[in-house]
Structure formats: structure tokens, C-alpha cells
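The structure file structure_17.tsv is reproduced below (TSV, C-alpha atoms).
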```tsv
chain	number	residue	atom	x	y	z
A	199	MET	CA	0.00	0.00	0.00
A	200	ASN	CA	1.50	3.36	-1.07
A	201	LEU	CA	0.84	5.79	1.70
A	202	SER	CA	-0.35	9.32	0.89
A	203	ARG	CA	1.27	12.28	2.65
A	204	ASN	CA	-1.84	12.79	4.82
A	205	HIS	CA	-1.87	9.13	5.71
A	206	LYS	CA	1.75	9.27	6.86
A	207	ILE	CA	1.06	12.41	8.92
A	208	VAL	CA	-1.94	10.81	10.62
A	209	ILE	CA	0.02	7.62	11.41
A	210	SER	CA	2.83	9.72	12.94
A	211	LEU	CA	0.28	11.75	14.88
A	212	PHE	CA	-1.43	8.56	16.04
A	213	LEU	CA	1.82	7.08	17.30
A	214	GLY	CA	2.87	10.36	18.94
A	215	LEU	CA	-0.49	10.67	20.73
A	216	ALA	CA	-0.29	7.08	21.97
A	217	VAL	CA	3.20	7.76	23.38
A	218	ALA	CA	1.96	11.00	25.02
A	219	GLY	CA	-0.98	9.09	26.51
A	220	PHE	CA	1.36	6.40	27.80
A	221	ILE	CA	3.59	9.02	29.48
A	222	ASP	CA	0.55	10.76	31.02
A	223	ALA	CA	-1.03	7.54	32.36
A	224	THR	CA	2.30	6.14	33.57
A	225	TYR	CA	3.00	9.38	35.42
A	226	LEU	CA	-0.43	9.19	37.13
A	227	SER	CA	0.20	5.51	38.02
A	228	ILE	CA	3.58	6.29	39.57
A	229	GLU	CA	2.10	9.22	41.55
A	230	HIS	CA	-0.69	6.93	42.77
A	231	TYR	CA	1.62	4.17	44.00
A	232	MET	CA	3.99	6.64	45.61
A	233	GLY	CA	1.07	8.13	47.53
A	234	LEU	CA	1.50	11.50	45.85
A	235	THR	CA	-0.93	13.72	43.98
A	236	PRO	CA	-0.12	15.52	40.73
A	237	PRO	CA	0.69	19.21	41.20
A	238	CYS	CA	-2.52	21.17	40.91
A	239	THR	CA	-1.17	24.74	40.98
A	240	VAL	CA	-4.18	26.92	40.14
A	241	VAL	CA	-6.37	23.98	39.19
A	242	ASN	CA	-8.29	22.66	42.14
A	243	GLY	CA	-9.35	19.06	42.42
A	244	CYS	CA	-6.43	16.85	41.37
A	245	GLU	CA	-6.19	15.39	44.86
A	246	GLN	CA	-9.94	14.86	45.08
A	247	VAL	CA	-10.01	13.07	41.71
A	248	THR	CA	-6.89	10.96	42.07
A	249	THR	CA	-7.78	9.82	45.59
A	250	SER	CA	-11.50	9.25	44.98
A	251	ILE	CA	-13.07	5.80	45.17
A	252	TYR	CA	-13.27	5.85	41.37
A	253	SER	CA	-9.46	6.06	41.04
A	254	THR	CA	-9.03	2.30	41.53
A	255	PHE	CA	-10.64	-0.79	40.06
A	256	ALA	CA	-10.19	-4.15	41.79
A	257	GLY	CA	-7.54	-2.52	43.92
A	258	ILE	CA	-5.51	-1.38	40.90
A	259	SER	CA	-5.12	2.26	39.92
A	260	VAL	CA	-7.21	2.97	36.81
A	261	ALA	CA	-4.19	4.88	35.47
A	262	VAL	CA	-2.40	1.51	35.17
A	263	PHE	CA	-5.16	0.25	32.88
A	264	GLY	CA	-4.79	3.50	30.91
A	265	ALA	CA	-1.03	2.99	30.55
A	266	LEU	CA	-1.57	-0.62	29.38
A	267	TYR	CA	-4.17	0.54	26.88
A	268	TYR	CA	-1.77	3.09	25.37
A	269	LEU	CA	0.98	0.48	25.33
A	270	VAL	CA	-1.22	-1.93	23.37
A	271	VAL	CA	-2.07	0.88	20.94
A	272	ILE	CA	1.64	1.72	20.49
A	273	PHE	CA	2.60	-1.93	19.91
A	274	SER	CA	-0.30	-2.44	17.49
A	275	CYS	CA	0.67	0.63	15.49
A	276	ILE	CA	4.32	-0.43	15.28
A	277	HIS	CA	3.27	-3.94	14.27
A	278	ILE	CA	1.14	-2.51	11.46
A	279	LEU	CA	4.00	-0.31	10.24
A	280	LEU	CA	6.49	-3.18	10.29
A	281	SER	CA	4.21	-5.79	8.74
A	282	LYS	CA	2.53	-3.28	6.40
A	283	ARG	CA	-0.79	-4.88	7.36
A	284	HIS	CA	-2.79	-1.67	7.27
A	285	ASP	CA	-6.01	-3.66	7.39
A	286	PHE	CA	-5.18	-4.19	11.09
A	287	PHE	CA	-6.22	-0.57	11.69
A	288	LYS	CA	-9.72	-2.00	11.72
A	289	TYR	CA	-8.91	-3.78	15.01
A	290	VAL	CA	-7.08	-0.73	16.38
A	291	ALA	CA	-10.15	1.36	15.58
A	292	PHE	CA	-12.26	-1.11	17.59
A	293	LEU	CA	-9.75	-0.86	20.41
A	294	THR	CA	-10.00	2.94	20.51
A	295	TRP	CA	-13.72	2.59	21.25
A	296	ALA	CA	-12.66	1.17	24.62
A	297	GLY	CA	-10.39	4.16	25.25
A	298	LEU	CA	-13.07	6.60	24.21
A	299	GLY	CA	-15.71	4.88	26.36
A	300	ALA	CA	-13.45	4.90	29.41
A	301	SER	CA	-12.62	8.58	28.84
A	302	ILE	CA	-16.27	9.56	28.59
A	303	TYR	CA	-17.01	7.61	31.77
A	304	PHE	CA	-14.16	9.15	33.78
A	305	THR	CA	-14.77	12.68	32.51
A	306	SER	CA	-18.47	12.35	33.41
A	307	LEU	CA	-17.49	11.23	36.90
A	308	GLN	CA	-15.33	14.33	37.31
A	309	VAL	CA	-18.06	16.65	36.06
A	310	PHE	CA	-21.18	15.14	37.62
A	311	VAL	CA	-20.08	13.10	40.63
A	312	ILE	CA	-16.74	14.27	42.03
A	313	HIS	CA	-17.20	17.91	40.99
A	314	ALA	CA	-13.44	18.27	40.72
A	315	TYR	CA	-11.05	18.07	37.81
A	316	CYS	CA	-7.63	16.62	37.22
A	317	LEU	CA	-5.77	18.12	34.26
A	318	PHE	CA	-3.75	14.95	33.63
A	319	CYS	CA	-6.98	12.94	33.44
A	320	LEU	CA	-8.57	15.47	31.09
A	321	THR	CA	-5.42	15.36	28.95
A	322	SER	CA	-5.70	11.58	28.71
A	323	ALA	CA	-9.37	11.88	27.75
A	324	THR	CA	-8.49	14.32	24.97
A	325	ILE	CA	-5.74	12.00	23.70
A	326	SER	CA	-8.18	9.05	23.68
A	327	LEU	CA	-10.65	11.07	21.63
A	328	LEU	CA	-7.94	12.05	19.12
A	329	LEU	CA	-6.72	8.44	18.90
A	330	PHE	CA	-10.28	7.36	18.17
A	331	ILE	CA	-10.58	9.91	15.36
A	332	CYS	CA	-7.16	9.07	13.86
A	333	ALA	CA	-7.75	5.29	14.00
A	334	HIS	CA	-11.08	5.62	12.24
A	335	TYR	CA	-9.54	7.89	9.61
A	336	LEU	CA	-6.75	5.36	8.97
A	337	TRP	CA	-9.22	2.48	8.77
A	338	ARG	CA	-11.43	4.44	6.35
A	339	GLU	CA	-8.43	5.36	4.19
A	340	HIS	CA	-7.36	1.73	4.01
A	341	HIS	CA	-10.92	0.71	3.14
A	342	LYS	CA	-11.00	3.29	0.32
A	343	TYR	CA	-7.65	2.05	-0.96
A	344	LYS	CA	-8.84	-1.56	-1.00
A	345	LYS	CA	-11.98	-0.58	-2.87
A	346	SER	CA	-9.92	1.31	-5.44
A	347	ILE	CA	-7.81	-1.81	-6.07
A	348	ILE	CA	-10.90	-3.95	-6.55
A	349	ASN	CA	-12.34	-1.40	-8.98
A	350	VAL	CA	-9.13	-1.42	-10.98
B	244	MET	CA	14.07	-8.28	7.38
B	245	GLU	CA	13.27	-10.41	10.44
B	246	ASN	CA	16.45	-9.25	12.16
B	247	LYS	CA	15.62	-5.63	11.39
B	248	ASN	CA	12.20	-6.08	13.01
B	249	TYR	CA	13.77	-7.57	16.10
B	250	GLY	CA	15.93	-4.46	16.29
B	251	VAL	CA	12.89	-2.19	16.09
B	252	TRP	CA	11.00	-4.14	18.75
B	253	GLY	CA	14.05	-4.13	20.98
B	254	GLY	CA	14.29	-0.35	20.56
B	255	VAL	CA	10.60	0.08	21.38
B	256	ILE	CA	10.83	-2.00	24.54
B	257	ILE	CA	13.95	-0.14	25.66
B	258	GLY	CA	12.12	3.14	24.91
B	259	VAL	CA	9.19	2.10	27.10
B	260	ILE	CA	11.50	1.11	29.95
B	261	VAL	CA	13.42	4.41	29.66
B	262	ILE	CA	10.13	6.40	29.80
B	263	VAL	CA	8.98	4.54	32.92
B	264	LEU	CA	12.35	4.92	34.68
B	265	ALA	CA	12.63	8.60	33.73
B	266	LEU	CA	9.14	9.29	35.10
B	267	MET	CA	9.95	7.41	38.32
B	268	TYR	CA	13.09	9.50	38.69
B	269	LEU	CA	11.23	12.78	38.02
B	270	VAL	CA	8.43	11.95	40.46
B	271	LYS	CA	10.97	11.02	43.14
B	272	SER	CA	13.00	14.21	42.73
B	273	PRO	CA	11.88	17.04	44.96
B	274	THR	CA	10.06	19.60	42.88
B	275	PRO	CA	9.96	23.18	44.07
B	276	PRO	CA	8.14	24.75	45.75
B	277	THR	CA	8.28	22.40	48.72
B	278	PRO	CA	6.61	23.42	51.96
B	279	GLY	CA	8.82	25.86	53.74
B	280	SER	CA	10.49	27.13	50.59
B	281	LEU	CA	8.20	30.10	49.92
B	282	THR	CA	9.09	33.53	51.20
B	283	LEU	CA	6.28	35.31	52.98
B	284	PRO	CA	5.98	39.08	52.57
B	285	PRO	CA	5.88	40.64	56.05
B	286	VAL	CA	2.56	41.31	57.77
B	287	THR	CA	1.63	44.98	57.65
B	288	ALA	CA	-1.16	47.18	59.00
B	289	SER	CA	-2.98	46.81	55.68
B	290	ASP	CA	-3.48	43.07	56.29
B	291	TRP	CA	-6.75	41.79	57.76
B	292	GLN	CA	-5.78	40.46	61.17
B	293	LYS	CA	-7.20	39.50	64.54
B	294	GLY	CA	-6.21	37.87	67.80
B	295	GLN	CA	-3.10	38.51	69.91
B	296	ALA	CA	-4.87	40.57	72.58
B	297	GLY	CA	-2.37	42.16	74.89
B	298	THR	CA	1.09	41.94	73.36
B	299	SER	CA	2.52	44.15	70.65
B	300	THR	CA	4.80	41.43	69.29
B	301	PRO	CA	2.88	38.17	69.30
B	302	PRO	CA	4.78	34.90	69.81
B	303	LEU	CA	2.96	33.39	66.84
B	304	THR	CA	1.64	34.78	63.56
B	305	LEU	CA	-0.49	32.56	61.33
B	306	VAL	CA	-0.97	33.86	57.79
B	307	GLU	CA	-3.54	32.12	55.63
B	308	TYR	CA	-3.86	32.45	51.85
B	309	SER	CA	-7.41	31.44	51.12
B	310	ASP	CA	-10.35	31.46	48.75
B	311	PHE	CA	-13.94	31.77	49.95
B	312	GLN	CA	-15.27	29.32	47.35
B	313	CYS	CA	-12.64	26.65	47.96
B	314	PRO	CA	-14.18	23.64	49.81
B	315	ALA	CA	-10.90	22.78	51.58
B	316	CYS	CA	-10.68	26.39	52.84
B	317	ALA	CA	-14.14	26.04	54.38
B	318	VAL	CA	-12.96	22.91	56.21
B	319	TYR	CA	-9.84	24.70	57.48
B	320	TYR	CA	-11.96	27.71	58.45
B	321	GLY	CA	-13.49	25.55	61.21
B	322	LEU	CA	-10.04	24.54	62.45
B	323	VAL	CA	-8.67	28.09	62.41
B	324	LYS	CA	-11.78	29.28	64.26
B	325	LYS	CA	-11.00	26.81	67.06
B	326	LEU	CA	-7.38	27.93	67.09
B	327	GLU	CA	-8.51	31.54	67.34
B	328	ALA	CA	-10.54	30.68	70.43
B	329	GLU	CA	-7.65	28.84	72.07
B	330	TYR	CA	-4.66	30.95	71.04
B	331	SER	CA	-6.16	34.44	70.75
B	332	THR	CA	-3.76	35.87	73.35
B	333	SER	CA	-0.63	34.42	71.80
B	334	THR	CA	-1.32	34.46	68.08
B	335	LEU	CA	-1.99	36.98	65.38
B	336	PHE	CA	-4.28	35.52	62.70
B	337	VAL	CA	-3.89	37.10	59.27
B	338	TYR	CA	-6.11	36.50	56.26
B	339	ARG	CA	-4.88	37.11	52.71
B	340	HIS	CA	-7.00	36.74	49.60
B	341	PHE	CA	-6.04	34.24	46.92
B	342	PRO	CA	-9.24	33.55	44.94
B	343	LEU	CA	-8.53	30.82	42.39
B	344	PRO	CA	-9.49	31.53	38.78
B	345	GLN	CA	-11.66	28.41	38.40
B	346	HIS	CA	-13.87	29.54	41.30
B	347	LEU	CA	-15.96	32.09	39.44
B	348	ASP	CA	-17.74	33.39	42.54
B	349	ALA	CA	-14.61	33.70	44.67
B	350	LYS	CA	-13.58	37.19	43.57
B	351	GLU	CA	-17.09	38.57	44.15
B	352	ALA	CA	-17.02	37.00	47.60
B	353	ALA	CA	-13.66	38.63	48.27
B	354	TYR	CA	-15.12	42.00	47.16
B	355	ALA	CA	-17.97	41.45	49.63
B	356	THR	CA	-15.55	40.96	52.54
B	357	GLU	CA	-13.55	44.01	51.53
B	358	ALA	CA	-16.74	46.08	51.25
B	359	ALA	CA	-17.84	44.82	54.67
B	360	GLY	CA	-14.34	45.61	55.93
B	361	LYS	CA	-14.87	49.24	54.93
B	362	GLN	CA	-17.59	49.23	57.57
B	363	GLY	CA	-15.50	47.34	60.14
B	364	LYS	CA	-17.05	43.93	59.49
B	365	PHE	CA	-14.43	42.09	57.41
B	366	PHE	CA	-14.18	39.02	59.63
B	367	GLU	CA	-17.92	38.92	60.23
B	368	MET	CA	-18.50	38.65	56.46
B	369	HIS	CA	-15.54	36.23	56.18
B	370	ASP	CA	-17.19	33.93	58.74
B	371	ILE	CA	-20.61	34.03	57.07
B	372	LEU	CA	-19.13	33.23	53.66
B	373	PHE	CA	-17.30	30.16	54.90
B	374	GLU	CA	-20.19	28.97	57.07
B	375	LYS	CA	-22.69	29.34	54.23
B	376	GLN	CA	-20.37	28.36	51.38
B	377	SER	CA	-22.69	25.57	50.24
B	378	GLU	CA	-25.53	28.11	50.01
B	379	TRP	CA	-23.84	30.71	47.78
B	380	GLY	CA	-20.90	28.81	46.21
B	381	VAL	CA	-22.69	27.28	43.25
B	382	ASP	CA	-21.05	24.07	41.95
B	383	THR	CA	-21.60	25.01	38.33
B	384	HIS	CA	-19.56	28.16	38.95
B	385	ILE	CA	-16.45	26.03	39.45
B	386	LEU	CA	-14.65	25.35	36.22
B	387	PRO	CA	-11.91	22.84	35.41
B	388	THR	CA	-9.31	25.12	33.94
B	389	ASP	CA	-8.34	28.78	33.76
B	390	PRO	CA	-11.72	30.20	32.88
B	391	THR	CA	-13.35	33.46	31.95
B	392	GLU	CA	-14.67	36.03	34.38
B	393	ILE	CA	-18.00	35.53	36.10
B	394	THR	CA	-20.91	36.15	33.71
B	395	PRO	CA	-23.78	38.61	34.42
B	396	ALA	CA	-26.17	35.64	34.72
B	397	MET	CA	-23.95	34.05	37.36
B	398	LYS	CA	-23.67	37.39	39.16
B	399	ALA	CA	-27.46	37.67	39.19
B	400	VAL	CA	-27.60	34.39	41.14
B	401	LEU	CA	-24.79	35.29	43.53
B	402	GLU	CA	-25.34	38.96	44.37
B	403	PRO	CA	-28.69	38.68	46.17
B	404	LYS	CA	-27.09	36.17	48.55
B	405	LEU	CA	-24.11	38.43	49.28
B	406	ILE	CA	-26.49	41.35	49.79
B	407	SER	CA	-28.62	39.34	52.21
B	408	TYR	CA	-25.49	38.51	54.26
B	409	ALA	CA	-24.57	42.19	54.33
B	410	GLN	CA	-28.09	42.99	55.55
B	411	THR	CA	-27.81	40.49	58.39
B	412	LEU	CA	-24.61	42.27	59.46
B	413	GLY	CA	-26.53	45.56	59.52
B	414	LEU	CA	-24.29	47.25	56.95
B	415	ASP	CA	-25.10	50.50	55.17
B	416	MET	CA	-26.36	48.83	52.00
B	417	ALA	CA	-25.84	51.73	49.61
B	418	LYS	CA	-22.21	52.01	50.69
B	419	PHE	CA	-21.75	48.22	50.61
B	420	LYS	CA	-23.00	47.97	47.03
B	421	ALA	CA	-20.91	50.94	45.91
B	422	ASP	CA	-17.80	49.50	47.55
B	423	MET	CA	-18.44	46.05	46.05
B	424	ALA	CA	-18.37	47.65	42.61
B	425	SER	CA	-15.48	50.02	43.31
B	426	LYS	CA	-12.29	49.93	41.28
B	427	GLU	CA	-10.28	50.32	44.47
B	428	ILE	CA	-11.51	47.01	45.87
B	429	HIS	CA	-11.30	45.20	42.51
B	430	ASP	CA	-7.71	46.39	42.09
B	431	LYS	CA	-6.85	45.32	45.63
B	432	ILE	CA	-8.04	41.76	44.98
B	433	ASP	CA	-6.30	41.62	41.60
B	434	GLN	CA	-3.09	42.74	43.27
B	435	ALA	CA	-3.50	40.09	45.98
B	436	ILE	CA	-3.82	37.43	43.27
B	437	LEU	CA	-0.69	38.70	41.51
B	438	ASP	CA	1.22	38.79	44.80
B	439	GLY	CA	0.16	35.23	45.62
B	440	ARG	CA	1.16	33.98	42.19
B	441	ALA	CA	4.50	35.81	42.34
B	442	MET	CA	5.19	34.06	45.65
B	443	GLY	CA	4.28	30.69	44.15
B	444	ILE	CA	1.28	29.91	46.37
B	445	PRO	CA	0.57	26.37	45.15
B	446	ALA	CA	-3.00	25.88	46.36
B	447	THR	CA	-5.56	27.09	48.86
B	448	PRO	CA	-5.48	27.18	51.77
B	449	THR	CA	-1.75	27.76	52.28
B	450	PHE	CA	-0.61	28.58	55.81
B	451	PHE	CA	2.50	30.23	57.18
B	452	LEU	CA	3.38	30.10	60.85
B	453	ASN	CA	5.94	32.70	61.86
B	454	GLY	CA	6.87	33.12	58.21
B	455	LYS	CA	7.41	29.40	57.56
B	456	GLN	CA	5.10	27.59	55.17
B	457	LEU	CA	3.22	24.72	56.78
B	458	GLU	CA	2.24	21.43	55.25
B	459	ASN	CA	-1.50	21.56	55.75
B	460	PRO	CA	-2.16	19.78	59.06
B	461	ASN	CA	-4.50	16.78	59.14
B	462	GLY	CA	-7.11	18.01	61.57
B	463	TYR	CA	-7.24	20.18	64.65
B	464	GLU	CA	-4.98	18.07	66.85
B	465	ASP	CA	-2.20	18.27	64.26
B	466	PHE	CA	-2.62	22.02	64.03
B	467	LYS	CA	-2.62	22.37	67.80
B	468	LYS	CA	0.56	20.31	68.09
B	469	ILE	CA	2.33	22.63	65.64
B	470	PHE	CA	1.14	25.66	67.59
B	471	ASP	CA	2.20	24.23	70.95
B	472	GLU	CA	5.63	23.27	69.66
B	473	SER	CA	6.12	26.72	68.13
B	474	LEU	CA	5.03	28.39	71.35
B	475	LYS	CA	7.60	26.37	73.29
B	476	LYS	CA	10.33	27.51	70.91
B	477	SER	CA	9.31	31.17	70.96
```

Give the structure from the file, written as C-alpha cells.
Amino acid sequence: MNLSRNHKIVISLFLGLAVAGFIDATYLSIEHYMGLTPPCTVVNGCEQVTTSIYSTFAGISVAVFGALYYLVVIFSCIHILLSKRHDFFKYVAFLTWAGLGASIYFTSLQVFVIHAYCLFCLTSATISLLLFICAHYLWREHHKYKKSIINV
Amino acid sequence: MENKNYGVWGGVIIGVIVIVLALMYLVKSPTPPTPGSLTLPPVTASDWQKGQAGTSTPPLTLVEYSDFQCPACAVYYGLVKKLEAEYSTSTLFVYRHFPLPQHLDAKEAAYATEAAGKQGKFFEMHDILFEKQSEWGVDTHILPTDPTEITPAMKAVLEPKLISYAQTLGLDMAKFKADMASKEIHDKIDQAILDGRAMGIPATPTFFLNGKQLENPNGYEDFKKIFDESLKKS
């Protein structure tokens, strides 16, 4: 598959976002297990959010699940680039639904239940949304490319 | 080709490990400002202060940087009130404004205390605002990030409550309203915010005892212990 310029940019963006998400979630995980809270400066609520009952699931920090999710996304993307199996973006696009769903859930909790906000969590939610958009774009592009081959 | 892929995967795994280790190192490293590292501007006659009946140089001075709409500040208000009752003869209690930008009602509340202060009722208004925070501090007026100013619609919800508190204090209402809207008071609060930011106030409330920044105590007994120890030293 010959990649267009836009396609290459979106793949780079996708990988960059996944790495940024991994750094963000790993940072939150480390803070959690060291018993610290991310610096809030003028933003109030980091402590409330990161120490709330919603910050863990089955005794594990939800940030750990976030970091694992981003890691899977990174590995999947690299696998696709190495194997040139761009059809796999279909599965990555499915995977990003999970990230998007989790982000909507956690952002809703901050807005409607905890009434406090954590910038690192909001950053992760934004990254998940962008990953979702990029993955679906890449899947659609591949689909279009496949159709064009069939038509030829 | 296979070997090349192994190389890439090896690089990726090493990259992941480096990121995790670097983050662990950064989180472990002390990041300024740490409690005790901020420099407190000296207390002057222009500060709102109470307590320390009797002595001209009090053994203890507690300076609080606070925000009337901050829930944690309302919790600490109760603790400071108890300290005021117990240490009024040995401690000067100073209040400094630091309304956070995401608390859209906080500046208006600060204006209300300053306007009440013009009629000698600063701490009376201060007490009402903290005690009734849940009544006037509307949740939807707290935003996640650096927001805009309070909107006229939000003001329309808030102002009648502030006015009713002023009425219960028996203030001259015409003067109170004029002072609330005065440039002098608005500028004073803006300057307080700039001063707090320049100092590096990390959050509210932030306390200083005899010029030294405290790590916020966990409850009254913790606070009391710090006071008693400082009194012994002084």
C-alpha cells in the first residue's frame, strides 16, 4: 500500500499521541503508587479526583489500565508499520472505542459526581478522543484504498 | 528483514523502559516549591488580622492564603476558628485573599468581605461566607481550567445572597453595594492574586506560621501540636 502524505502524517500523529498518553497515564500511576498527587497549581481538584473511590478498580489504579491501553495501541501501530498490514487498523479502531468509552465515563465522573477536575486525566481523555478519530480515519483510508484496487 | 524487526521491537521495549524509569526519577525528585520554601511578605497594617490581645509582638503569627469558594478552605476555616478561640492571646491571625481563577464566585465574595471591611465587618462577612459556602458557592460556577470572568447571569444568582449577608450584618447597603463595585476594591483583589502567584502559592489554603510555610495539618490536633511546639520555641 503506497501511503499518501496525509496518511503518513496521521500515522505519525497517532503514534505520537499514543506515546503521550502512555507518558501521562504512567505518570499518574507512579504518583498513585507513591502516595502522591499531581501538582494542581491553580487547578483545584487533582487530589480529590486521584484519591476518589473511582481512582481504583479491583484494587488497581485505573491509570495503570490506561497505561496498558496506550501500550497496546503503540505496539499495534508499530506492528502494522512493520508488517505493512494496514487492514489491522480495523482492530485498532475497535480498540480505541474502549479508550473513548473509558474517557467519557471518567470525565463524566469528574463533572457530575466528584465535581473536581484533574488536568492529567482530562489530557488523557483528549488523547483518547484524538486516537479514536485518527484510528477511524486510517481504517477508512485503508478501506477506500482496498476498494480502489478492486475497482481497478 | 526479520532481524531488522527484532531491532525495532528491541528499541521500542527499551524506549518504554526508559520512559517509565525517567518518570519514576522525576516523580521522586523534589520539585519546588516544597513546603517551607516560599518567602512570605511581612505582615503589615494593611493586612486583615485578629487575635493577639495584649502583646505588641505576638509569639505566633499565622498567615492564611485562602479562597472563599474553595471547599478545603471552608474545612480549614473551622479549624482556624477553634485555634482563634484557644490561642487568641498568643497568636496573630492574618487572612490574605487568593481567589482561584476556576472559582468564578470567589472574587465577588472577596469583594464582599472588603466592602464589609470598609464598615468594620471584614471578619464577620468572612465567617458568614465560609459557614454558608454551600448556600452561595454554586457548583456550576467552578470550572476545570483557567476560565473566563463571572458572567452577568452568574452574578445575578450570587449577588442577592451576598447582599442578604450584608443585611444580616446591619451594613449601610448603599455604601456596601458601591464598595463592592469600586475599582479600588477590585484592584486590591487583583493585586492580591498577583502577589500570591508571584510568591508561588501552590493551592488554597496555604498557611505560614511565623513566616514558615506549613504542610496543611490533618485536623485540629495536628494544628494544635504545631502551635504548641512553636510556642515552646518562641

**Selection: 9 Å around range 256-273 of chain A, all atoms listed in the file, excl. self and same-chain fewer than 6 positions, as a PyMOL selection string** = (chain A and resi 212-228+230-231+290+293-294+296-297+300+319+322+326) or (chain B and resi 252+255+259)

Using all atoms listed in the file, what does the table of chain B residues within 7 Å of chain A look like, with each row giving the shortest atom pair and its distance in Å to one decimal, sorted by chain and ascending number, as a Markdown table?
```
| residue | atom | partner | partner_atom | distance |
| --- | --- | --- | --- | --- |
| B:Asn248 | CA | A:Leu280 | CA | 7.0 |
| B:Val263 | CA | A:Thr224 | CA | 6.9 |
| B:Leu266 | CA | A:Tyr225 | CA | 6.1 |
| B:Met267 | CA | A:Ile228 | CA | 6.6 |
| B:Val270 | CA | A:Glu229 | CA | 7.0 |
| B:Leu343 | CA | A:Val240 | CA | 6.3 |
| B:Gln345 | CA | A:Val241 | CA | 6.9 |
| B:Pro387 | CA | A:Tyr315 | CA | 5.4 |
| B:Thr388 | CA | A:Val241 | CA | 6.1 |
| B:Pro445 | CA | A:Thr239 | CA | 4.8 |
| B:Ala446 | CA | A:Thr239 | CA | 5.8 |
```

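Around His334 in chain A, within 9 Å and counting all atoms listed in the file, the residues found are Phe287, Lys288, Val290, Ala291, Phe292, Thr294, Leu329, Phe330, Arg338 and Glu339 of chain A, once anything fewer than 4 positions away on its own chain is removed.
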
**Request:** Quote the spacing between CA of Pro302 in chain B and CA of Leu452 in chain B in Å to one decimal place.
**Result:** 10.3 Å

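Contact shell of Gly294 in chain B at 8 Å (all atoms listed in the file; same-chain neighbours under 3 positions omitted): Glu327, Tyr330, Ser331, Thr332, Ser333, Thr334, Leu335 and Phe336 of chain B.
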
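Using only C-alpha atoms, the protein and nucleic acid residues lying no more than 10 Å from His369 in chain B, apart from those fewer than 5 places from it along its own chain, are Phe311, Tyr320, Tyr338, Ala352, Ala353, Ala355, Thr356, Glu357, Ala359, Gly360, Lys364 and Glu374 of chain B.
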
**Prompt:** Quick one: residues within 10 Å of Leu401 in chain B, only C-alpha atoms counted, chain neighbours fewer than 5 positions away excluded, as number ranges by chain?
**Reply:** B: 348, 351-352, 378-381, 384, 395-396, 406

**Request:** Go ahead and compute the interatomic distance for CA of Phe466 in chain B and CA of Ile251 in chain A, in Å to one decimal.
**Result:** 27.0 Å
